[in-house]
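Read through the structure below, which is laid out as structure tokens, and then see the notes.
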There are 2 protein chains.
Amino acid sequence: MTDVIIPSRPSNNPPPLADGGLRIVALGGIGEVGRNMTVFEHAGRLLIVDCGVLFPEDMQPGVDLILPDFRAIEDRLDDIEAIVLTHGHEDHIGAAPFLLRSRPDVPVIGSKFTLALLAAKCKEHRLSPVLVEVAEGERTQHGPFELEYFAVNHSIPDAIAIAIRTAAGLVLHTGDIKLDQLPLDNRLTDLAGFHRLGDEGVDLFLVDSTNAEVPGFVTPEREIGPVLDQVIGKATQRVIVACFASHVHRVQQILDVAVKHGRRIALVGRSMVRNMGIAADLGLLHVPDGLLVDLDAAMLMPEDEVLFVSTGSQGEPLSALSRMARGEHRQISIRSGDTVVLASSMIPGNETAVFGVVNGLVRLGAHVVHQGNAKVHVSGHAAAGELLFLYNAVRPSNVMPVHGEWKHLRANAELAIRTGVAAEQVVIAEDGVVVDLVDGKAAISGRVEVGHVYVDGLSVGDVGESTLSDRLILGEGGFISITVAVDTASGRAVAPPTISGRGFSDDPKALDQVVPLVEMELSRTEAEGITDTHRIAQAVRRVVGRWVAESYRRRPMIIPTVIPV
Amino acid sequence: MTDVIIPSRPSNNPPPLADGGLRIVALGGIGEVGRNMTVFEHAGRLLIVDCGVLFPEDMQPGVDLILPDFRAIEDRLDDIEAIVLTHGHEDHIGAAPFLLRSRPDVPVIGSKFTLALLAAKCKEHRLSPVLVEVAEGERTQHGPFELEYFAVNHSIPDAIAIAIRTAAGLVLHTGDIKLDQLPLDNRLTDLAGFHRLGDEGVDLFLVDSTNAEVPGFVTPEREIGPVLDQVIGKATQRVIVACFASHVHRVQQILDVAVKHGRRIALVGRSMVRNMGIAADLGLLHVPDGLLVDLDAAMLMPEDEVLFVSTGSQGEPLSALSRMARGEHRQISIRSGDTVVLASSMIPGNETAVFGVVNGLVRLGAHVVHQGNAKVHVSGHAAAGELLFLYNAVRPSNVMPVHGEWKHLRANAELAIRTGVAAEQVVIAEDGVVVDLVDGKAAISGRVEVGHVYVDGLSVGDVGESTLSDRLILGEGGFISITVAVDTASGRAVAPPTISGRGFSDDPKALDQVVPLVEMELSRTEAEGITDTHRIAQAVRRVVGRWVAESYRRRPMIIPTVIPV
């Protein structure tokens, strides 16, 4: 087997696109898990597939969301023909409102459920986008792009794959995909449709890499039902089941089990209530009349006649479940013998938070059932065995692994090669790396700048690497501030320096020793006739910095302020 | 099966210990993974088993280490007869120097390798402790405590379990333990010895809980050898293997494979070099003459004739391996086709860092082998199947699960009950909860205060919850500082306010809007005749806080400084 070719990162701007060619560039989602957004360019026009958010990690403190970097297209917003969404997860739709702010008239294409979730999100942003609802089997035309839609199975209803036909050839983008052969809604991934495209000849296949490292096949969602049935069937007290607020089929199975065991359902968490309302309205979630009760009513019912379906499965500290685990929930207090089910995965990076919740619940005496001790979760992404089915159906000329970190992309590339795709036709192109499909061959042609765009509170983009770097320093060591009022004529300090610290020490006397050192330094600068406030500040910073490094071996931020009076 | 009894947390100080009773209290290690330290009291004297450190998590920013809380024994240091160490891992010996600072004359008991590691650590602290070397099969007496030592198998050589005989009965503490039946050094856990103790009658059994949730048995360490052989055998370029710096048997297997494939060894990382030197000196690591080369020499050798054994398997950002993954290592630069093996577990909380290293290496073209895609690591802690062997050998009257978070403790308690221990004799007692063994029955008698003691740089204990809380706020949102010089007679600001922020925004004009609001507020306080600097500061804080919440929806720390002039 030929080995995967790991390209070196290009540094050049791409040359102009060859006539009749198709250009592909991801502004997010390749080399990372989240903020998926791919831009296709043909005949001077642009098509965008997905526009999602990424959730921040430790090195991005205080950030609420990370957006794809729109800079590469900001001068070409008028060229955008459409935004097409593969499904309704946040990492595929969450950034769309931020793009729509600049071009509110661009049509947004998606399936019914996807658009319903997007519409709810846009409402919060006070936007009324132009929505174009499509379904599997349909085709639409947008400038030079002809799109065809295929049913795919994922951990949210109504997901689609997208075929893009242009004069440059036929492209297939899976979106997020798996091949559950017993899906709860009987809506299978359209493998026959993919095979038909393969017969026609797929020039470029963009494939979900998330689970490419996982051997075999994902267990059918349907197999979770009996496990829930067993766990909930033997519960004699309160039962709380936490899962993702968009996982309609998971919630359906919980509802079905609740009905069987004579329990009514209370939904807990704003997004759970909202999304399940939408799903029920669209006929995707079947809720027997009278099954749902609100939380207040549920609290008055016997404990073995109600089941709470809650958000918070990722250990989010403000979620209802985390509050219960800390014994701080306003209404629900966990008692010994209660049952809590985490019917969810653990997103990498959330392990500590989730285990914190589990330990808190166990300490209160709850039986905690999670994917570590029972089959109460299955992934929404195709494992290696399923990806092989996809490659063999599509038989693509060129492959671009998408949606994943480097280890996932590489594992996916290996699978493509094992099915017979030539190694040089498997193009690993992380965010910003430009791929051109010309004369049936995909190749890297250059790179555009793709950075992280941070949302913090109401503002987008004003928090950047400099602010984050300051936050990391402050978060590790706090700061020491020294304020001096100086007579600008003489350079003399008119009052003793004010020295204080935050995040440095609990000891109120910690900074006492440095005061005489600062005073000595101020005498020196005065004696040397230094009156420039900036130079005085630097001198103070140096003295305090040296003192704290030697006495404490710590590195707080040192902030001298010299006030001219 | 009777269910595990989850005790409610006692709030009372324990009453005086009954005559002839034995008191047990963990100052660390129960309800958490790390800083193991258990205090035994009998006849007015104390015995300490282990004295380790805990590594900080996200909510403890800037902290280097967390120590057990010695306050419960600080008035009784003179009563300590001995500190006995079960093995040489940091979470069992790392805090000993901090305790020895107060009582440098207390004898420290342990096996040869454990004491050698402790001695190296104490040297860094400029301490020369009184070391008492023991081996399995031996007995020693320390005041009213008679100790007997048993060989146990773990992920470090020379680990021991400790039997403690007093007039109150016979206690057995496993330390960290597993039951590898094919250990590399042929030193089996002494199950026959445990059985003999069981015949004598074990009144209280303290048992490692770390892997109690894991069904079955841990794979023998020996099975890693053939996997390494296969991976390293087919490598044609550079090979780097990362593992824990104390895992002598893992390193031995790497060395053996290197010899087989004609590669010499370079050790990378200070602790790796130090510990393997100690292990070789003690005859625990067998290093053929001339196998080791230093890093500079290794860099001059052909790539297929050398193998690097490195630290950094947990993604520590300053480690050699992390530098290689970022392409920043001074000497070793990863090329496409190199092989990197992470022959280690992933400690919970380190996932993001480890995956970051893996992705960096893959991006540079390395083949990365880790426990997710090959059997290159086995745990050092007994899984559920092994724990059942232990319970059936020892047949204890009372059980105390130790070493673990609540979910581990509970799973361990369940196993004890399944082997026939009465549920009410399985005592889950987290850090600080006092257990008294009186007349052959263990029961919770109260609780002592056990907090977190933080080491940050050179100082112990001055960083506490208040400082950490400030760091968390600063790390999330930075700060805005406002400095005003005020004439204390009139309350008039003598110069315009100085307003600046760090960790708040990259936008240099972000704070411009608030200046007039502060000036207006200062005019108001002056007009109202307010001259008290504290009141003026509060007024300024209120104005700025309200402005930032409304305009940005952020919560930086607001720091007003009013300088009287």
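Every chain in the structure tokens has a letter given in the order shown (A, B, ...), and although residue numbers restart at 1 in each chain, ligands are simply numbered from 1 in the order shown.
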Spatial neighbours of Asn275 (chain B), 8 Å, only C-alpha atoms, chain gap at least 4 places, as a PDB file with C-alpha atoms, in the first residue's frame:
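out_7.pdb was written with the following content:
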```
ATOM      1  CA  LEU B 117      13.824   8.159  44.318  1.00  0.00           C
ATOM      2  CA  ALA B 245      10.042   8.329  33.518  1.00  0.00           C
ATOM      3  CA  SER B 246       9.486   5.902  36.389  1.00  0.00           C
ATOM      4  CA  SER B 271      13.733  12.740  34.961  1.00  0.00           C
ATOM      5  CA  ALA B 279      17.332   1.878  38.240  1.00  0.00           C
TER       6      ALA B 279
END
```
When you get a sec, could you note down which chain A residues fall within 7 Å of chain B, using only C-alpha atoms, as a PyMOL selection string?
chain A and resi 6+61-62+348-349+351-352+359+362-363+365+405-407+457-459+462-464+466-468+470-472+474-478+495+502-507+552-554+565
Write a file of the just-selected residues containing C-alpha atoms, as a PDB file, in the first residue's frame.
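Just written: result_23.pdb:
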```
ATOM      1  CA  ILE A   6       1.457  14.622   3.943  1.00  0.00           C
ATOM      2  CA  PRO A  61     -10.113  31.625  27.940  1.00  0.00           C
ATOM      3  CA  GLY A  62     -13.242  33.727  28.167  1.00  0.00           C
ATOM      4  CA  PRO A 348     -12.675  15.634  24.003  1.00  0.00           C
ATOM      5  CA  GLY A 349     -11.662  18.331  26.452  1.00  0.00           C
ATOM      6  CA  GLU A 351     -13.621  14.767  30.410  1.00  0.00           C
ATOM      7  CA  THR A 352     -12.736  16.521  33.658  1.00  0.00           C
ATOM      8  CA  ASN A 359     -18.512  11.957  40.952  1.00  0.00           C
ATOM      9  CA  VAL A 362     -22.284   9.256  42.936  1.00  0.00           C
ATOM     10  CA  ARG A 363     -21.339  11.041  46.142  1.00  0.00           C
ATOM     11  CA  GLY A 365     -25.855   8.275  46.193  1.00  0.00           C
ATOM     12  CA  GLU A 405      -7.995  16.895  13.378  1.00  0.00           C
ATOM     13  CA  TRP A 406      -4.845  15.784  11.579  1.00  0.00           C
ATOM     14  CA  LYS A 407      -4.937  12.293  13.030  1.00  0.00           C
ATOM     15  CA  GLY A 457     -20.049  38.642  24.742  1.00  0.00           C
ATOM     16  CA  LEU A 458     -21.590  41.042  22.238  1.00  0.00           C
ATOM     17  CA  SER A 459     -18.452  41.677  20.284  1.00  0.00           C
ATOM     18  CA  ASP A 462     -11.927  42.539  19.093  1.00  0.00           C
ATOM     19  CA  VAL A 463     -10.630  39.734  21.308  1.00  0.00           C
ATOM     20  CA  GLY A 464      -7.544  38.424  19.523  1.00  0.00           C
ATOM     21  CA  SER A 466      -2.869  39.612  22.238  1.00  0.00           C
ATOM     22  CA  THR A 467      -5.853  39.731  24.604  1.00  0.00           C
ATOM     23  CA  LEU A 468      -5.824  35.951  25.012  1.00  0.00           C
ATOM     24  CA  ASP A 470      -2.723  38.581  28.473  1.00  0.00           C
ATOM     25  CA  ARG A 471      -5.581  36.498  29.882  1.00  0.00           C
ATOM     26  CA  LEU A 472      -3.361  33.426  30.032  1.00  0.00           C
ATOM     27  CA  LEU A 474      -3.202  36.928  34.280  1.00  0.00           C
ATOM     28  CA  GLY A 475      -4.952  33.588  34.787  1.00  0.00           C
ATOM     29  CA  GLU A 476      -1.710  31.834  35.699  1.00  0.00           C
ATOM     30  CA  GLY A 477      -0.146  34.434  37.940  1.00  0.00           C
ATOM     31  CA  GLY A 478      -2.448  37.419  38.493  1.00  0.00           C
ATOM     32  CA  ALA A 495       3.169  60.431  47.371  1.00  0.00           C
ATOM     33  CA  ARG A 502      -4.811  40.433  42.538  1.00  0.00           C
ATOM     34  CA  GLY A 503      -4.476  36.750  41.820  1.00  0.00           C
ATOM     35  CA  PHE A 504      -1.019  36.864  43.312  1.00  0.00           C
ATOM     36  CA  SER A 505      -1.227  35.841  46.966  1.00  0.00           C
ATOM     37  CA  ASP A 506      -3.735  35.415  49.775  1.00  0.00           C
ATOM     38  CA  ASP A 507      -1.157  36.904  52.129  1.00  0.00           C
ATOM     39  CA  TYR A 552       8.543  33.813  44.757  1.00  0.00           C
ATOM     40  CA  ARG A 553       9.687  32.287  41.462  1.00  0.00           C
ATOM     41  CA  ARG A 554       6.388  33.442  39.936  1.00  0.00           C
ATOM     42  CA  VAL A 565       0.766  65.704  38.370  1.00  0.00           C
TER      43      VAL A 565
END
```
Compile the contact shell of Val207 (chain A) as number ranges by chain: residues with an atom at most 9 Å away, counting only C-alpha atoms, same-chain residues fewer than 4 positions apart removed.
A: 172-177, 387, 390, 399-403, 412
Ala416 (chain B) environment, 12 Å, only C-alpha atoms, sequence neighbours closer than 4 positions dropped, as a PyMOL selection string:
chain B and resi 1-4+205-209+212+384-401+409-412+420-428
Long-range neighbours of Asp304 (chain B) as an MDAnalysis selection string, 10 Å cut-off, only C-alpha atoms, 4 positions minimum in chain
chainID B and resid 232 235:239 261:264 338
Selection file, N, CA, C and O atoms, as a PDB file, in the first residue's frame:
```pdb
ATOM      1  N   ILE B 232       8.760  -1.065  15.910  1.00  0.00           N
ATOM      2  CA  ILE B 232      10.134  -0.583  15.766  1.00  0.00           C
ATOM      3  C   ILE B 232      10.869  -1.379  14.684  1.00  0.00           C
ATOM      4  O   ILE B 232      11.696  -0.838  13.953  1.00  0.00           O
ATOM      5  N   ALA B 235      10.367   0.127  11.288  1.00  0.00           N
ATOM      6  CA  ALA B 235      10.747   1.537  11.105  1.00  0.00           C
ATOM      7  C   ALA B 235      12.066   1.623  10.353  1.00  0.00           C
ATOM      8  O   ALA B 235      13.002   0.876  10.647  1.00  0.00           O
ATOM      9  N   THR B 236      12.126   2.508   9.388  1.00  0.00           N
ATOM     10  CA  THR B 236      13.370   2.667   8.614  1.00  0.00           C
ATOM     11  C   THR B 236      14.021   4.011   8.897  1.00  0.00           C
ATOM     12  O   THR B 236      15.101   4.299   8.401  1.00  0.00           O
ATOM     13  N   GLN B 237      13.350   4.844   9.659  1.00  0.00           N
ATOM     14  CA  GLN B 237      13.904   6.163   9.986  1.00  0.00           C
ATOM     15  C   GLN B 237      14.016   6.282  11.504  1.00  0.00           C
ATOM     16  O   GLN B 237      14.125   5.304  12.226  1.00  0.00           O
ATOM     17  N   ARG B 238      13.866   7.503  11.941  1.00  0.00           N
ATOM     18  CA  ARG B 238      13.979   7.810  13.357  1.00  0.00           C
ATOM     19  C   ARG B 238      12.803   7.197  14.150  1.00  0.00           C
ATOM     20  O   ARG B 238      11.671   7.181  13.654  1.00  0.00           O
ATOM     21  N   VAL B 239      13.076   6.728  15.355  1.00  0.00           N
ATOM     22  CA  VAL B 239      12.027   6.242  16.256  1.00  0.00           C
ATOM     23  C   VAL B 239      12.155   6.951  17.600  1.00  0.00           C
ATOM     24  O   VAL B 239      13.257   7.034  18.155  1.00  0.00           O
ATOM     25  N   HIS B 261      17.001  -4.777  17.220  1.00  0.00           N
ATOM     26  CA  HIS B 261      16.980  -4.168  15.888  1.00  0.00           C
ATOM     27  C   HIS B 261      18.189  -3.270  15.626  1.00  0.00           C
ATOM     28  O   HIS B 261      18.159  -2.431  14.717  1.00  0.00           O
ATOM     29  N   GLY B 262      19.229  -3.477  16.419  1.00  0.00           N
ATOM     30  CA  GLY B 262      20.482  -2.781  16.144  1.00  0.00           C
ATOM     31  C   GLY B 262      20.419  -1.274  16.320  1.00  0.00           C
ATOM     32  O   GLY B 262      21.131  -0.530  15.647  1.00  0.00           O
ATOM     33  N   ARG B 263      19.544  -0.836  17.229  1.00  0.00           N
ATOM     34  CA  ARG B 263      19.482   0.601  17.512  1.00  0.00           C
ATOM     35  C   ARG B 263      20.087   0.874  18.877  1.00  0.00           C
ATOM     36  O   ARG B 263      19.866   0.125  19.818  1.00  0.00           O
ATOM     37  N   ARG B 264      20.826   1.964  18.977  1.00  0.00           N
ATOM     38  CA  ARG B 264      21.295   2.397  20.288  1.00  0.00           C
ATOM     39  C   ARG B 264      20.274   3.368  20.875  1.00  0.00           C
ATOM     40  O   ARG B 264      19.320   3.772  20.197  1.00  0.00           O
ATOM     41  N   ASP B 338       8.979   9.297  10.019  1.00  0.00           N
ATOM     42  CA  ASP B 338       9.482   8.972  11.358  1.00  0.00           C
ATOM     43  C   ASP B 338       8.382   8.259  12.151  1.00  0.00           C
ATOM     44  O   ASP B 338       7.192   8.359  11.825  1.00  0.00           O
TER      45      ASP B 338
END
```
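CA of Ala343 (chain B) lies 25.5 Å from CA of Leu300 (chain B).
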Env of Glu90 (chain A): 8 Å cut, atoms = only C-alpha atoms, seq-sep filter 3 positions within chain, self excluded. Answer as number ranges by chain.
A: 52-53, 93-95
Which residue out of A:Leu295, A:Val227, A:Ile278, A:Val453 has the minimum interatomic distance to Arg330 (chain A) when only C-alpha atoms are used?
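For Arg330 (chain A), the nearest of the given residues is A:Leu295.
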Using only C-alpha atoms, determine which residues lie at most 12 Å from His92 (chain B), disregarding the query and same-chain residues fewer than 2 positions distant; provide the list as a count of residues only.
39
Write out as JSON, numbers by chain all residues of region 132-230 of chain B that backbone DSSP assigns to alpha helix (DSSP H).
{"B": [191, 192, 193, 194, 195, 196, 197, 198, 199, 200, 224, 225, 226, 227, 228, 229, 230]}
Can I get the selection written as a compact mmCIF listing (two decimals), in the first residue's frame, with N, CA, C and O atoms?
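That gives us out-v2.txt:
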```
# COMPACT_ATOMS: atom_id res chain seq x y z
N LEU B 191 0.06 -12.96 46.74
CA LEU B 191 -1.31 -13.36 47.06
C LEU B 191 -1.34 -14.40 48.18
O LEU B 191 -2.25 -14.39 49.02
N ALA B 192 -0.31 -15.28 48.22
CA ALA B 192 -0.25 -16.29 49.28
C ALA B 192 -0.06 -15.60 50.63
O ALA B 192 -0.67 -16.00 51.64
N GLY B 193 0.77 -14.57 50.66
CA GLY B 193 0.98 -13.82 51.90
C GLY B 193 -0.33 -13.17 52.35
O GLY B 193 -0.66 -13.17 53.54
N PHE B 194 -1.06 -12.63 51.39
CA PHE B 194 -2.35 -12.00 51.71
C PHE B 194 -3.32 -13.06 52.27
O PHE B 194 -4.09 -12.80 53.19
N HIS B 195 -3.24 -14.25 51.68
CA HIS B 195 -4.12 -15.33 52.14
C HIS B 195 -3.78 -15.73 53.58
O HIS B 195 -4.67 -15.94 54.42
N ARG B 196 -2.48 -15.77 53.83
CA ARG B 196 -2.04 -16.08 55.20
C ARG B 196 -2.55 -15.02 56.18
O ARG B 196 -3.06 -15.33 57.25
N LEU B 197 -2.46 -13.74 55.78
CA LEU B 197 -3.02 -12.68 56.63
C LEU B 197 -4.51 -12.89 56.81
O LEU B 197 -5.06 -12.70 57.90
N GLY B 198 -5.17 -13.29 55.73
CA GLY B 198 -6.61 -13.56 55.81
C GLY B 198 -6.91 -14.65 56.82
O GLY B 198 -7.89 -14.56 57.58
N ASP B 199 -6.07 -15.67 56.86
CA ASP B 199 -6.27 -16.75 57.85
C ASP B 199 -6.14 -16.20 59.27
O ASP B 199 -6.88 -16.60 60.18
N GLU B 200 -5.18 -15.28 59.42
CA GLU B 200 -4.96 -14.67 60.74
C GLU B 200 -6.16 -13.78 61.09
O GLU B 200 -6.55 -13.68 62.26
N ILE B 224 3.36 -6.07 25.76
CA ILE B 224 3.71 -4.85 25.03
C ILE B 224 4.96 -5.06 24.20
O ILE B 224 5.10 -4.49 23.11
N GLY B 225 5.86 -5.90 24.68
CA GLY B 225 7.13 -6.15 24.00
C GLY B 225 6.96 -6.50 22.52
O GLY B 225 7.52 -5.82 21.65
N PRO B 226 6.16 -7.53 22.21
CA PRO B 226 5.98 -7.89 20.80
C PRO B 226 5.38 -6.77 19.94
O PRO B 226 5.71 -6.65 18.76
N VAL B 227 4.51 -5.95 20.53
CA VAL B 227 3.94 -4.83 19.77
C VAL B 227 5.03 -3.81 19.44
O VAL B 227 5.15 -3.35 18.30
N LEU B 228 5.84 -3.49 20.45
CA LEU B 228 6.97 -2.58 20.21
C LEU B 228 7.91 -3.17 19.17
O LEU B 228 8.42 -2.47 18.29
N ASP B 229 8.13 -4.47 19.26
CA ASP B 229 9.02 -5.16 18.33
C ASP B 229 8.53 -4.98 16.90
O ASP B 229 9.30 -4.67 15.99
N GLN B 230 7.23 -5.13 16.71
CA GLN B 230 6.66 -5.00 15.37
C GLN B 230 6.77 -3.57 14.85
O GLN B 230 7.20 -3.33 13.72
```
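Interatomic distance, CA of Ser379 (chain A) to CA of Gln252 (chain A): 16.5 Å.
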Work out how far apart CA of Pro16 (chain A) and CA of Glu449 (chain A) are and give it in Å to one decimal.
16.3 Å
With distances taken over only C-alpha atoms, the candidate from A:His370, A:Arg71, A:His142, A:Arg165 nearest Leu204 (chain A) is A:Arg165
